[in-house]
$ cat input39.json   # JSON, C-alpha atoms
[["chain", "number", "residue", "atom", "x", "y", "z"],
["A", 1, "MET", "CA", -3.94, -7.43, -36.58],
["A", 2, "ASN", "CA", -1.71, -10.34, -37.35],
["A", 3, "GLU", "CA", 1.70, -8.82, -38.03],
["A", 4, "ASN", "CA", 4.90, -10.69, -38.61],
["A", 5, "GLN", "CA", 7.80, -9.79, -36.40],
["A", 6, "LYS", "CA", 11.38, -10.02, -37.68],
["A", 7, "VAL", "CA", 13.78, -11.54, -35.18],
["A", 8, "PHE", "CA", 17.47, -10.96, -35.74],
["A", 9, "TYR", "CA", 19.58, -13.74, -34.28],
["A", 10, "ASN", "CA", 23.09, -13.00, -33.17],
["A", 11, "THR", "CA", 25.27, -15.95, -34.17],
["A", 12, "VAL", "CA", 28.32, -14.71, -32.26],
["A", 13, "ILE", "CA", 26.50, -14.11, -28.96],
["A", 14, "PRO", "CA", 23.25, -16.11, -29.07],
["A", 15, "SER", "CA", 21.83, -14.51, -25.95],
["A", 16, "VAL", "CA", 21.84, -11.09, -27.66],
["A", 17, "ASN", "CA", 18.98, -11.15, -30.16],
["A", 18, "HIS", "CA", 16.55, -8.38, -31.01],
["A", 19, "LEU", "CA", 13.28, -7.73, -32.78],
["A", 20, "GLY", "CA", 13.24, -5.84, -36.05],
["A", 21, "ASN", "CA", 10.61, -3.21, -35.23],
["A", 22, "TRP", "CA", 12.02, -2.13, -31.88],
["A", 23, "LYS", "CA", 13.98, 1.07, -31.58],
["A", 24, "LEU", "CA", 16.74, -0.26, -29.36],
["A", 25, "ASN", "CA", 18.76, 2.94, -29.27],
["A", 26, "SER", "CA", 15.93, 4.80, -27.55],
["A", 27, "TYR", "CA", 15.61, 2.03, -24.96],
["A", 28, "TYR", "CA", 19.35, 2.10, -24.31],
["A", 29, "LYS", "CA", 19.26, 5.88, -23.91],
["A", 30, "LEU", "CA", 16.28, 5.66, -21.54],
["A", 31, "THR", "CA", 18.05, 3.00, -19.49],
["A", 32, "PHE", "CA", 21.19, 5.14, -19.34],
["A", 33, "VAL", "CA", 19.22, 8.19, -18.21],
["A", 34, "LEU", "CA", 17.37, 6.25, -15.51],
["A", 35, "PHE", "CA", 20.58, 4.64, -14.27],
["A", 36, "SER", "CA", 22.29, 8.05, -14.20],
["A", 37, "ILE", "CA", 19.44, 9.52, -12.14],
["A", 38, "PHE", "CA", 19.56, 6.57, -9.73],
["A", 39, "LEU", "CA", 23.34, 6.83, -9.37],
["A", 40, "SER", "CA", 23.10, 10.59, -8.80],
["A", 41, "LEU", "CA", 20.53, 10.05, -6.05],
["A", 42, "VAL", "CA", 22.75, 7.46, -4.37],
["A", 43, "VAL", "CA", 25.76, 9.79, -4.46],
["A", 44, "TYR", "CA", 23.67, 12.73, -3.21],
["A", 45, "ALA", "CA", 22.22, 10.65, -0.36],
["A", 46, "HIS", "CA", 25.66, 9.37, 0.56],
["A", 47, "LEU", "CA", 27.10, 12.88, 0.77],
["A", 48, "LYS", "CA", 24.20, 14.77, 2.34],
["A", 49, "VAL", "CA", 22.56, 12.33, 4.80],
["A", 50, "ASP", "CA", 23.53, 12.49, 8.46],
["A", 51, "ARG", "CA", 24.90, 8.97, 8.71],
["A", 52, "ASP", "CA", 25.44, 8.99, 12.48],
["A", 53, "LYS", "CA", 21.77, 9.80, 13.08],
["A", 54, "TRP", "CA", 20.55, 6.95, 10.87],
["A", 55, "ILE", "CA", 23.09, 4.48, 12.24],
["A", 56, "GLY", "CA", 21.79, 5.24, 15.74],
["A", 57, "ARG", "CA", 18.17, 4.76, 14.63],
["A", 58, "TYR", "CA", 18.90, 1.45, 12.92],
["A", 59, "LYS", "CA", 20.94, 0.19, 15.87],
["A", 60, "LYS", "CA", 18.06, 1.01, 18.19],
["A", 61, "ALA", "CA", 15.46, -0.59, 15.91],
["A", 62, "LEU", "CA", 17.44, -3.73, 15.08],
["A", 63, "SER", "CA", 19.06, -4.44, 18.43],
["A", 64, "PRO", "CA", 17.57, -7.45, 20.27]]
$ encode --input "input39.json" --output "structure tokens"
Amino acid sequence: MNENQKVFYNTVIPSVNHLGNWKLNSYYKLTFVLFSIFLSLVVYAHLKVDRDKWIGRYKKALSP
């Protein structure tokens, strides 16, 4: 199982290279979906969580 892997070098931006057999579009879409879910959870938590309750708990737990 010795396969050759094509590596495409980007001469304009050398840090952005990719392998020939990878389906980069699917990885970008997956990353976008996961980031969107994470961002939605952050916005939901920010809007729906009782902040005063948690601030009181953290103050009590972290106060010397």
$ axis_aligned_box --input "input39.json" --around "stretch 28-34 of chain A" --padding-each-side "8 Å" --output "AutoDock Vina command-line options"
--center_x 18.7 --center_y 5.1 --center_z -19.9 --size_x 20.9 --size_y 22.1 --size_z 24.8
$ atom_distance --input "input39.json" --atom1 "atom CA of A:Tyr9" --atom2 "atom CA of A:Leu34"
27.5 Å
$ atom_distance --input "input39.json" --atom1 "atom CA of A:Tyr58" --atom2 "atom CA of A:His46"
16.2 Å
$ atom_distance --input "input39.json" --atom1 "atom CA of A:Phe32" --atom2 "atom CA of A:Val12"
24.7 Å
